[in-house]
Each structure stands twice: as structure tokens, then as C-alpha cells.
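Each remark here refers to the structure printed beneath this line.
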Amino acid sequence: MSSKLRVGVLFGGRSGEHEVSLMSAQSVLNAIDKTRYEITRIGIDHNGRWLFGGDPLAQLMRGDTAPEDAPRWPGPEHFADLDVIFPILHGPFGEDGTLQGLLDLAGVPYVGCGVLASSLAMDKAVSRMLFQSHGLPQTPWAVVLRTRWETDPEAELERLARQLAFPMFTKPANLGSSVGIRRVKGRAELRAGIDEAARYDRKIVVEQGVANAREIEVSVLGNDEPVASIPGEIVPSNEFYDYAAKYLNGASRELIPALITPEQTEAVRSMAVQAFRAVDGSGLARADFLLNDDSGEIFLNEINTMPGFTSISMYPKLWEASGLPYPQLLDRLIELALERHAEIARNQHTYQSSA
């Protein structure tokens, strides 16, 4: 009998970040220690059907889909031979708590945040309200519901013009990797930006931009005692760090460590841990900040509970620069998954009087 830990690497999914997930999974599969782990590849196609056996990653990268009779709701038998799941899915139906709920029901340990943290962090509107209650600084923002936008767009444009100043950013509330995000400088662009974001979500977040903004990122690792990496800085190739700048043109630059003051470094690392604890995070997350290069003000932009794991992603790069190489980072994440599962298993599920 093999003494290796049996790890299921799960990728793909129904979100607009399906392709990013495949790139992340390929990087993880290349780096994970095969002498320690027995790997099972599990894919989910664009239609939400699960692929077991063979090489699901190669199939999905070719654009193949699962057979019509493939399961949409895998049962416990699909996880029976696995010790832990490493879900490398980004966006809705993978990072938003839905998958985490399924794995909780199956009783299998998994890497990363649980249902609550995943769903809170995925929703940019709800997480902003939560961060506000914790005193974490954020840019002014507003929410537009797609139904209201379609009913009376002019009224919504007037409201936004009163509340916020240009430039603004329009974003789907529940998506990542900058999919559906636009930087808008006037009313016509604002209309187009909301239309674009509304393709992906029923709820749109509109944020006021930061003057002379620099994009600072911090990786967080841990469960009840999380720690923060050194910060890094993204110098985007486009006007901001959009999907193309992240994954397609390869021209964006990363500065690790970020060229900021020791006081700013301490501030972003502290706020990253605060944000992680605010959502009750576990395992991993990446906190993103905007730094006004004129005033020195720092704003928490968002926290991402399943950041990219591609070869060019900041999350693993920041930990490598902090002294934790990629393979050892994967080891630690698996350890944290098992630790969290064991802690939750201590919970009593039947009532017994203490009298």
C-alpha cells in the first residue's frame, strides 16, 4: 500500500476564469512533489460536468467537454480514495463557497478557505461593507443592480455622478482576474462599463479611482495564525492590471519586493492579515492594495481567496521571495488543509446536556 498522501487536484469550472484555472493547475502539477503525493486529476468542464480518469487537464485544454452522462454532482464515492482536495478554481462555482460546501458535505479536507470566507471575499460589495466595519481604508464605491440598470439607466448614472468622481472602475461584484472590469473617464464610458460588467453578474460595483495609483499585493498563509509575505508591486502593461495585462501579453512587470517605505510595508502586511481574519480565512489569500503615490494613502482593494497559481502569478512568487519556494508552499497548503479539517472535526454535531 502506498504511503503517499493522495491528493486530488481539481480544476476548470463554469466561470469566466476557466482558462486561468487550467494554467494554475498545470503549474501546480508541474511543481508538486510526486515523491510525497499520489496525484489524481479531476476536471470540470464549461458546462459543469465532472471529468474523472484519463487526463482531464489535457482534455479541457483542447476544449473538449465531458460526455452528456458525466456527473454534475459527484458523490462521496468520487472522493473516497483521496486524502485531500486541492481545488484550483477561480471565480463563481469554484471560489465562491459553492464548491467548498460540496466538499464539506462529502467530508473531504480541502486546501483554502471555507464556505463563509470564500463567499464573503468573492462578493466585492459585501466584502467592502465588512472591511469598512473593521476600519480598513477603501476608496468610495457604489453598487448597481442589473435589474435597476436595465429599468432606468439614466437615474443610476445620475446617482453615480453625485456619489463618485471620475475616473471610476466598473466591476462585476462576483468575478476575478479583472474579467469584465473597465476604467472609465466619463459618462459614456461609464455606461459602456456597466453594460460590460452586467454581462457577468447581476450586481455591479463602481469604485472611484485613486490618483497616481500603484498596485501593491501581499500573500497571506495560515489558519488561525496567518502570516503575510513581503509585498510586491504590479506595473501593468495596460492602463490598469486587466485580464490581458495579467495573462495574455506578458508585458506587465512585477517588482518584488515592492519599492515602498518600511512603514508602508508594515501597513500593507498588517492590513492583509486583518482582511484575512475579517472574512475568517483559512489556508491562503492574496490581498490587493492601491497606493496613492502622491499622498501615500493606502487603500485595500480586495482579498482573493484562490489567487492565481500560474508560473507568472504573484501569490507563489511573493512566498518564494519570502523564503518559501513553490513546492514547499504547496506542502504547507496541504498541511493547513488537513489541520483545518481536523479542527472542524472536533465540533460536536449532536446535543448532549452538560448538566
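Chain labels follow the order of the C-alpha cells: the first chain is A, the next B, and so on; residue numbering restarts at 1 in every chain, and ligands are counted from 1 in their shown order.
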Quiz item: Hey, what's within 8 Å of Gly308 in chain A if we count only C-alpha atoms and toss same-chain stuff fewer than 2 positions away? As a PyMOL selection string, please?
Solution: chain A and resi 20-21+24+90+306+310+313-315
Output C-alpha atoms for every residue in that selection, as a PDB file, in the first residue's frame.
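Saved file again08.pdb follows:
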```
ATOM      1  CA  VAL A  20      -6.894  30.706 -15.843  1.00  0.00           C
ATOM      2  CA  SER A  21      -7.730  27.703 -13.658  1.00  0.00           C
ATOM      3  CA  SER A  24      -2.849  27.415 -12.499  1.00  0.00           C
ATOM      4  CA  HIS A  90     -11.217  30.732  -9.719  1.00  0.00           C
ATOM      5  CA  MET A 306      -7.917  31.426  -4.508  1.00  0.00           C
ATOM      6  CA  THR A 310       0.321  30.166 -12.757  1.00  0.00           C
ATOM      7  CA  SER A 313       1.264  34.642 -10.561  1.00  0.00           C
ATOM      8  CA  MET A 314       2.201  36.894  -7.675  1.00  0.00           C
ATOM      9  CA  TYR A 315       0.954  34.650  -4.857  1.00  0.00           C
TER      10      TYR A 315
END
```
Would you mind listing, for every residue of range 182-291 of chain A within 7 Å of range 150-169 of chain A, the two atoms forming the shortest contact and the distance between them in Å to one decimal, using only C-alpha atoms, sorted by chain and ascending residue number, as JSON lines?
```
{"residue": "A:Arg182", "atom": "CA", "partner": "A:Phe169", "partner_atom": "CA", "distance": 5.6}
{"residue": "A:Arg183", "atom": "CA", "partner": "A:Phe169", "partner_atom": "CA", "distance": 4.6}
{"residue": "A:Val184", "atom": "CA", "partner": "A:Met168", "partner_atom": "CA", "distance": 5.3}
{"residue": "A:Lys185", "atom": "CA", "partner": "A:Pro167", "partner_atom": "CA", "distance": 4.5}
{"residue": "A:Gly186", "atom": "CA", "partner": "A:Phe166", "partner_atom": "CA", "distance": 6.6}
{"residue": "A:Val206", "atom": "CA", "partner": "A:Phe169", "partner_atom": "CA", "distance": 5.6}
{"residue": "A:Glu207", "atom": "CA", "partner": "A:Phe169", "partner_atom": "CA", "distance": 5.1}
{"residue": "A:Gln208", "atom": "CA", "partner": "A:Met168", "partner_atom": "CA", "distance": 4.5}
{"residue": "A:Gly209", "atom": "CA", "partner": "A:Met168", "partner_atom": "CA", "distance": 4.9}
```
Convert the current residue selection to file output with N, CA and C atoms, as a PDB file, in the first residue's frame.
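Once written, result_15.pdb looks like this:
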```pdb
ATOM      1  N   ARG A 182     -13.567  47.620 -16.304  1.00  0.00           N
ATOM      2  CA  ARG A 182     -13.132  48.734 -17.151  1.00  0.00           C
ATOM      3  C   ARG A 182     -12.812  49.959 -16.305  1.00  0.00           C
ATOM      4  N   ARG A 183     -11.853  50.716 -16.775  1.00  0.00           N
ATOM      5  CA  ARG A 183     -11.571  52.036 -16.205  1.00  0.00           C
ATOM      6  C   ARG A 183     -12.285  53.050 -17.078  1.00  0.00           C
ATOM      7  N   VAL A 184     -13.132  53.872 -16.474  1.00  0.00           N
ATOM      8  CA  VAL A 184     -13.973  54.788 -17.247  1.00  0.00           C
ATOM      9  C   VAL A 184     -13.697  56.229 -16.831  1.00  0.00           C
ATOM     10  N   LYS A 185     -13.698  57.118 -17.824  1.00  0.00           N
ATOM     11  CA  LYS A 185     -13.316  58.514 -17.574  1.00  0.00           C
ATOM     12  C   LYS A 185     -14.453  59.503 -17.774  1.00  0.00           C
ATOM     13  N   GLY A 186     -15.590  59.032 -18.265  1.00  0.00           N
ATOM     14  CA  GLY A 186     -16.713  59.926 -18.488  1.00  0.00           C
ATOM     15  C   GLY A 186     -18.009  59.151 -18.541  1.00  0.00           C
ATOM     16  N   VAL A 206     -19.100  49.857  -8.595  1.00  0.00           N
ATOM     17  CA  VAL A 206     -18.444  51.001  -9.242  1.00  0.00           C
ATOM     18  C   VAL A 206     -17.581  51.675  -8.189  1.00  0.00           C
ATOM     19  N   GLU A 207     -16.304  51.778  -8.467  1.00  0.00           N
ATOM     20  CA  GLU A 207     -15.338  52.319  -7.498  1.00  0.00           C
ATOM     21  C   GLU A 207     -14.696  53.594  -8.034  1.00  0.00           C
ATOM     22  N   GLN A 208     -14.483  54.527  -7.148  1.00  0.00           N
ATOM     23  CA  GLN A 208     -13.748  55.733  -7.513  1.00  0.00           C
ATOM     24  C   GLN A 208     -12.272  55.408  -7.612  1.00  0.00           C
ATOM     25  N   GLY A 209     -11.636  55.876  -8.675  1.00  0.00           N
ATOM     26  CA  GLY A 209     -10.226  55.596  -8.877  1.00  0.00           C
ATOM     27  C   GLY A 209      -9.339  56.342  -7.897  1.00  0.00           C
TER      28      GLY A 209
END
```
Exercise. Quick one: everything within 6 Å of range 65-71 of chain A, counting only C-alpha atoms, minus sequence neighbours fewer than 6 positions away in the same chain. Send it as a PyMOL selection string.
Key: chain A and resi 45+49-50
Exercise. Provide the CA of Ser118 in chain A to CA of Asp280 in chain A distance in Å, to one decimal place.
Key: 9.2 Å
Quiz prompt | Contacts of Asn292 in chain A at 7 Å (only C-alpha atoms; same-chain gap of 3+ positions) as an MDAnalysis selection string | solution = chainID A and resid 210:214 295:298
Export of the given selection (N, CA and C atoms) as an mmCIF file, in the first residue's frame:
```cif
data_model
loop_
_atom_site.group_PDB
_atom_site.id
_atom_site.type_symbol
_atom_site.label_atom_id
_atom_site.label_comp_id
_atom_site.auth_asym_id
_atom_site.auth_seq_id
_atom_site.Cartn_x
_atom_site.Cartn_y
_atom_site.Cartn_z
ATOM 1 N N VAL A 210 -8.096 55.892 -7.803
ATOM 2 C CA VAL A 210 -7.088 56.505 -6.930
ATOM 3 C C VAL A 210 -6.071 57.218 -7.801
ATOM 4 N N ALA A 211 -5.782 58.467 -7.478
ATOM 5 C CA ALA A 211 -4.823 59.250 -8.263
ATOM 6 C C ALA A 211 -3.435 58.636 -8.178
ATOM 7 N N ASN A 212 -2.750 58.582 -9.318
ATOM 8 C CA ASN A 212 -1.375 58.067 -9.369
ATOM 9 C C ASN A 212 -1.235 56.758 -8.595
ATOM 10 N N ALA A 213 -2.143 55.839 -8.883
ATOM 11 C CA ALA A 213 -2.221 54.601 -8.096
ATOM 12 C C ALA A 213 -1.100 53.635 -8.453
ATOM 13 N N ARG A 214 -0.551 53.032 -7.430
ATOM 14 C CA ARG A 214 0.363 51.904 -7.578
ATOM 15 C C ARG A 214 -0.322 50.681 -6.975
ATOM 16 N N SER A 295 0.037 61.149 -2.126
ATOM 17 C CA SER A 295 -0.281 61.369 -0.714
ATOM 18 C C SER A 295 0.258 60.284 0.202
ATOM 19 N N GLY A 296 0.571 59.118 -0.366
ATOM 20 C CA GLY A 296 0.999 57.995 0.453
ATOM 21 C C GLY A 296 -0.151 57.211 1.052
ATOM 22 N N GLU A 297 -1.390 57.600 0.752
ATOM 23 C CA GLU A 297 -2.548 56.873 1.278
ATOM 24 C C GLU A 297 -2.603 55.459 0.693
ATOM 25 N N ILE A 298 -3.022 54.515 1.525
ATOM 26 C CA ILE A 298 -3.145 53.121 1.114
ATOM 27 C C ILE A 298 -4.596 52.692 1.262
#
```
Quiz prompt | Spatial neighbours of Glu19 in chain A, 10 Å, only C-alpha atoms, chain gap at least 4 places, as a list of chain:residue names | solution = A:Phe11, A:Gly12, A:Gly13, A:Ser15, A:Met23, A:Ser24, A:Ala25, A:His46, A:Leu60, A:Met61, A:Gly63, A:Leu89, A:His90, A:Tyr247
Please, could you write that set of residues out with C-alpha atoms as a PDB file, in the first residue's frame?
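The file below, again-v4.pdb, is the result:
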```
ATOM      1  CA  PHE A  11      -9.550  22.478 -11.967  1.00  0.00           C
ATOM      2  CA  GLY A  12     -11.646  24.028 -14.721  1.00  0.00           C
ATOM      3  CA  GLY A  13     -15.142  25.071 -13.756  1.00  0.00           C
ATOM      4  CA  SER A  15     -16.740  30.571 -14.524  1.00  0.00           C
ATOM      5  CA  MET A  23      -2.996  27.398 -16.307  1.00  0.00           C
ATOM      6  CA  SER A  24      -2.849  27.415 -12.499  1.00  0.00           C
ATOM      7  CA  ALA A  25      -3.421  23.652 -12.351  1.00  0.00           C
ATOM      8  CA  HIS A  46     -17.569  24.719 -19.012  1.00  0.00           C
ATOM      9  CA  LEU A  60     -10.029  20.668 -21.143  1.00  0.00           C
ATOM     10  CA  MET A  61      -7.018  22.436 -22.625  1.00  0.00           C
ATOM     11  CA  GLY A  63     -11.510  22.438 -25.421  1.00  0.00           C
ATOM     12  CA  LEU A  89     -10.746  27.008  -9.400  1.00  0.00           C
ATOM     13  CA  HIS A  90     -11.217  30.732  -9.719  1.00  0.00           C
ATOM     14  CA  TYR A 247      -2.381  36.602 -18.696  1.00  0.00           C
TER      15      TYR A 247
END
```
Practice problem: Name the residues of range 193-312 of chain A that come out as strand (DSSP E or B) in a backbone DSSP run; write them as JSON, numbers by chain. | Solution: {"A": [203, 204, 205, 206, 207, 208, 213, 214, 215, 216, 217, 218, 219, 220, 221, 222, 227, 228, 232, 233, 234, 235, 253, 254, 255, 283, 284, 285, 286, 287, 288, 289, 290, 291, 292, 298, 299, 300, 301, 302, 303, 304]}
Expected file contents, prior selection, C-alpha atoms, as an mmCIF file, in the first residue's frame:
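Result file selection_10.cif:
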```
data_model
loop_
_atom_site.group_PDB
_atom_site.id
_atom_site.type_symbol
_atom_site.label_atom_id
_atom_site.label_comp_id
_atom_site.auth_asym_id
_atom_site.auth_seq_id
_atom_site.Cartn_x
_atom_site.Cartn_y
_atom_site.Cartn_z
ATOM 1 C CA LYS A 203 -24.595 43.124 -9.201
ATOM 2 C CA ILE A 204 -22.009 45.667 -10.367
ATOM 3 C CA VAL A 205 -19.545 47.522 -8.158
ATOM 4 C CA VAL A 206 -18.444 51.001 -9.242
ATOM 5 C CA GLU A 207 -15.338 52.319 -7.498
ATOM 6 C CA GLN A 208 -13.748 55.733 -7.513
ATOM 7 C CA ALA A 213 -2.221 54.601 -8.096
ATOM 8 C CA ARG A 214 0.363 51.904 -7.578
ATOM 9 C CA GLU A 215 -0.838 48.305 -7.215
ATOM 10 C CA ILE A 216 0.602 46.506 -4.189
ATOM 11 C CA GLU A 217 -0.083 42.847 -3.394
ATOM 12 C CA VAL A 218 0.532 40.739 -0.283
ATOM 13 C CA SER A 219 0.167 36.967 0.064
ATOM 14 C CA VAL A 220 -1.332 35.523 3.254
ATOM 15 C CA LEU A 221 -0.794 31.971 4.514
ATOM 16 C CA GLY A 222 -2.170 30.176 7.559
ATOM 17 C CA VAL A 227 1.273 35.370 8.278
ATOM 18 C CA ALA A 228 1.923 37.815 5.444
ATOM 19 C CA GLY A 232 5.130 43.084 -4.301
ATOM 20 C CA GLU A 233 4.136 45.680 -6.862
ATOM 21 C CA ILE A 234 2.482 45.246 -10.238
ATOM 22 C CA VAL A 235 3.457 47.673 -13.007
ATOM 23 C CA ARG A 253 6.291 43.959 -14.682
ATOM 24 C CA GLU A 254 6.484 42.709 -11.118
ATOM 25 C CA LEU A 255 8.646 44.367 -8.519
ATOM 26 C CA GLY A 283 -5.193 28.374 4.044
ATOM 27 C CA LEU A 284 -4.423 31.181 1.667
ATOM 28 C CA ALA A 285 -5.452 34.500 0.204
ATOM 29 C CA ARG A 286 -3.910 37.440 -1.605
ATOM 30 C CA ALA A 287 -4.730 40.983 -0.504
ATOM 31 C CA ASP A 288 -4.536 43.737 -3.112
ATOM 32 C CA PHE A 289 -3.947 47.403 -2.283
ATOM 33 C CA LEU A 290 -3.868 50.737 -4.090
ATOM 34 C CA LEU A 291 -1.226 53.238 -3.037
ATOM 35 C CA ASN A 292 -1.658 56.920 -3.891
ATOM 36 C CA ILE A 298 -3.145 53.121 1.114
ATOM 37 C CA PHE A 299 -6.500 51.569 0.243
ATOM 38 C CA LEU A 300 -7.497 47.911 0.498
ATOM 39 C CA ASN A 301 -8.866 46.962 -2.915
ATOM 40 C CA GLU A 302 -9.922 43.339 -2.353
ATOM 41 C CA ILE A 303 -8.941 39.954 -0.984
ATOM 42 C CA ASN A 304 -8.762 36.918 -3.250
#
```
Exercise. Do a neighbour search on Ile42 in chain A at 12 Å with only C-alpha atoms, toss out local chain neighbours closer than 2 positions, and write the hits as number ranges by chain.
Key: A: 7-13, 22, 25, 29, 39-40, 44-45, 49-60, 66, 74, 78-79, 82, 85-89
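Distances from A:Glu38, A:Asp201, A:Asp294, A:Asp33 to Pro92 in chain A were compared using only C-alpha atoms, and the smallest one belongs to A:Asp201.
Between CA of Leu136 in chain A and CA of Gln264 in chain A there is a distance of 14.4 Å.
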Self-check item: All alpha helix (DSSP H) positions in range 8-70 of chain A, as JSON, numbers by chain
Solution: {"A": [18, 19, 20, 21, 22, 23, 24, 25, 26, 27, 28, 29, 30, 31, 56, 57, 58, 59, 60, 61]}
Selected residues, C-alpha atoms, written as a JSON list (two decimals), in the first residue's frame, please.
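Final file, out.json:
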```json
[["chain", "number", "residue", "atom", "x", "y", "z"],
["A", 18, "HIS", "CA", -11.90, 28.56, -16.60],
["A", 19, "GLU", "CA", -8.76, 29.02, -18.70],
["A", 20, "VAL", "CA", -6.89, 30.71, -15.84],
["A", 21, "SER", "CA", -7.73, 27.70, -13.66],
["A", 22, "LEU", "CA", -6.21, 25.35, -16.22],
["A", 23, "MET", "CA", -3.00, 27.40, -16.31],
["A", 24, "SER", "CA", -2.85, 27.41, -12.50],
["A", 25, "ALA", "CA", -3.42, 23.65, -12.35],
["A", 26, "GLN", "CA", -0.65, 22.98, -14.85],
["A", 27, "SER", "CA", 1.80, 24.97, -12.73],
["A", 28, "VAL", "CA", 0.77, 23.16, -9.54],
["A", 29, "LEU", "CA", 1.02, 19.74, -11.21],
["A", 30, "ASN", "CA", 4.48, 20.60, -12.51],
["A", 31, "ALA", "CA", 5.74, 21.72, -9.10],
["A", 56, "PRO", "CA", -8.86, 15.77, -17.75],
["A", 57, "LEU", "CA", -6.40, 18.67, -17.92],
["A", 58, "ALA", "CA", -5.31, 17.78, -21.45],
["A", 59, "GLN", "CA", -8.94, 17.28, -22.45],
["A", 60, "LEU", "CA", -10.03, 20.67, -21.14],
["A", 61, "MET", "CA", -7.02, 22.44, -22.63]]
```
Can you pull out the residues contacting range 265-270 of chain A? Cut-off 7 Å, using only C-alpha atoms, and skip same-chain residues under 3 positions away; I want them as a PDB file with N, CA and C atoms, in the first residue's frame.
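Okay, this is what ended up in result-v4.pdb:
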```pdb
ATOM      1  N   VAL A 218      -0.047  41.470  -1.410  1.00  0.00           N
ATOM      2  CA  VAL A 218       0.532  40.739  -0.283  1.00  0.00           C
ATOM      3  C   VAL A 218      -0.120  39.367  -0.225  1.00  0.00           C
ATOM      4  N   ALA A 228       1.913  37.099   6.717  1.00  0.00           N
ATOM      5  CA  ALA A 228       1.923  37.815   5.444  1.00  0.00           C
ATOM      6  C   ALA A 228       3.310  37.767   4.823  1.00  0.00           C
ATOM      7  N   PRO A 231       5.586  42.425   0.500  1.00  0.00           N
ATOM      8  CA  PRO A 231       4.710  42.934  -0.561  1.00  0.00           C
ATOM      9  C   PRO A 231       5.421  43.002  -1.903  1.00  0.00           C
ATOM     10  N   ILE A 260       8.539  50.389  -1.662  1.00  0.00           N
ATOM     11  CA  ILE A 260       7.777  51.246  -0.758  1.00  0.00           C
ATOM     12  C   ILE A 260       8.549  51.369   0.548  1.00  0.00           C
ATOM     13  N   THR A 261       8.122  52.297   1.381  1.00  0.00           N
ATOM     14  CA  THR A 261       8.848  52.552   2.626  1.00  0.00           C
ATOM     15  C   THR A 261       8.632  51.414   3.622  1.00  0.00           C
ATOM     16  N   PRO A 262       9.505  51.293   4.619  1.00  0.00           N
ATOM     17  CA  PRO A 262       9.287  50.283   5.662  1.00  0.00           C
ATOM     18  C   PRO A 262       7.948  50.462   6.368  1.00  0.00           C
ATOM     19  N   VAL A 273      -3.396  40.779   6.813  1.00  0.00           N
ATOM     20  CA  VAL A 273      -3.782  39.811   7.849  1.00  0.00           C
ATOM     21  C   VAL A 273      -5.130  40.190   8.458  1.00  0.00           C
ATOM     22  N   GLN A 274      -5.355  41.483   8.675  1.00  0.00           N
ATOM     23  CA  GLN A 274      -6.649  41.919   9.210  1.00  0.00           C
ATOM     24  C   GLN A 274      -7.793  41.542   8.272  1.00  0.00           C
TER      25      GLN A 274
END
```
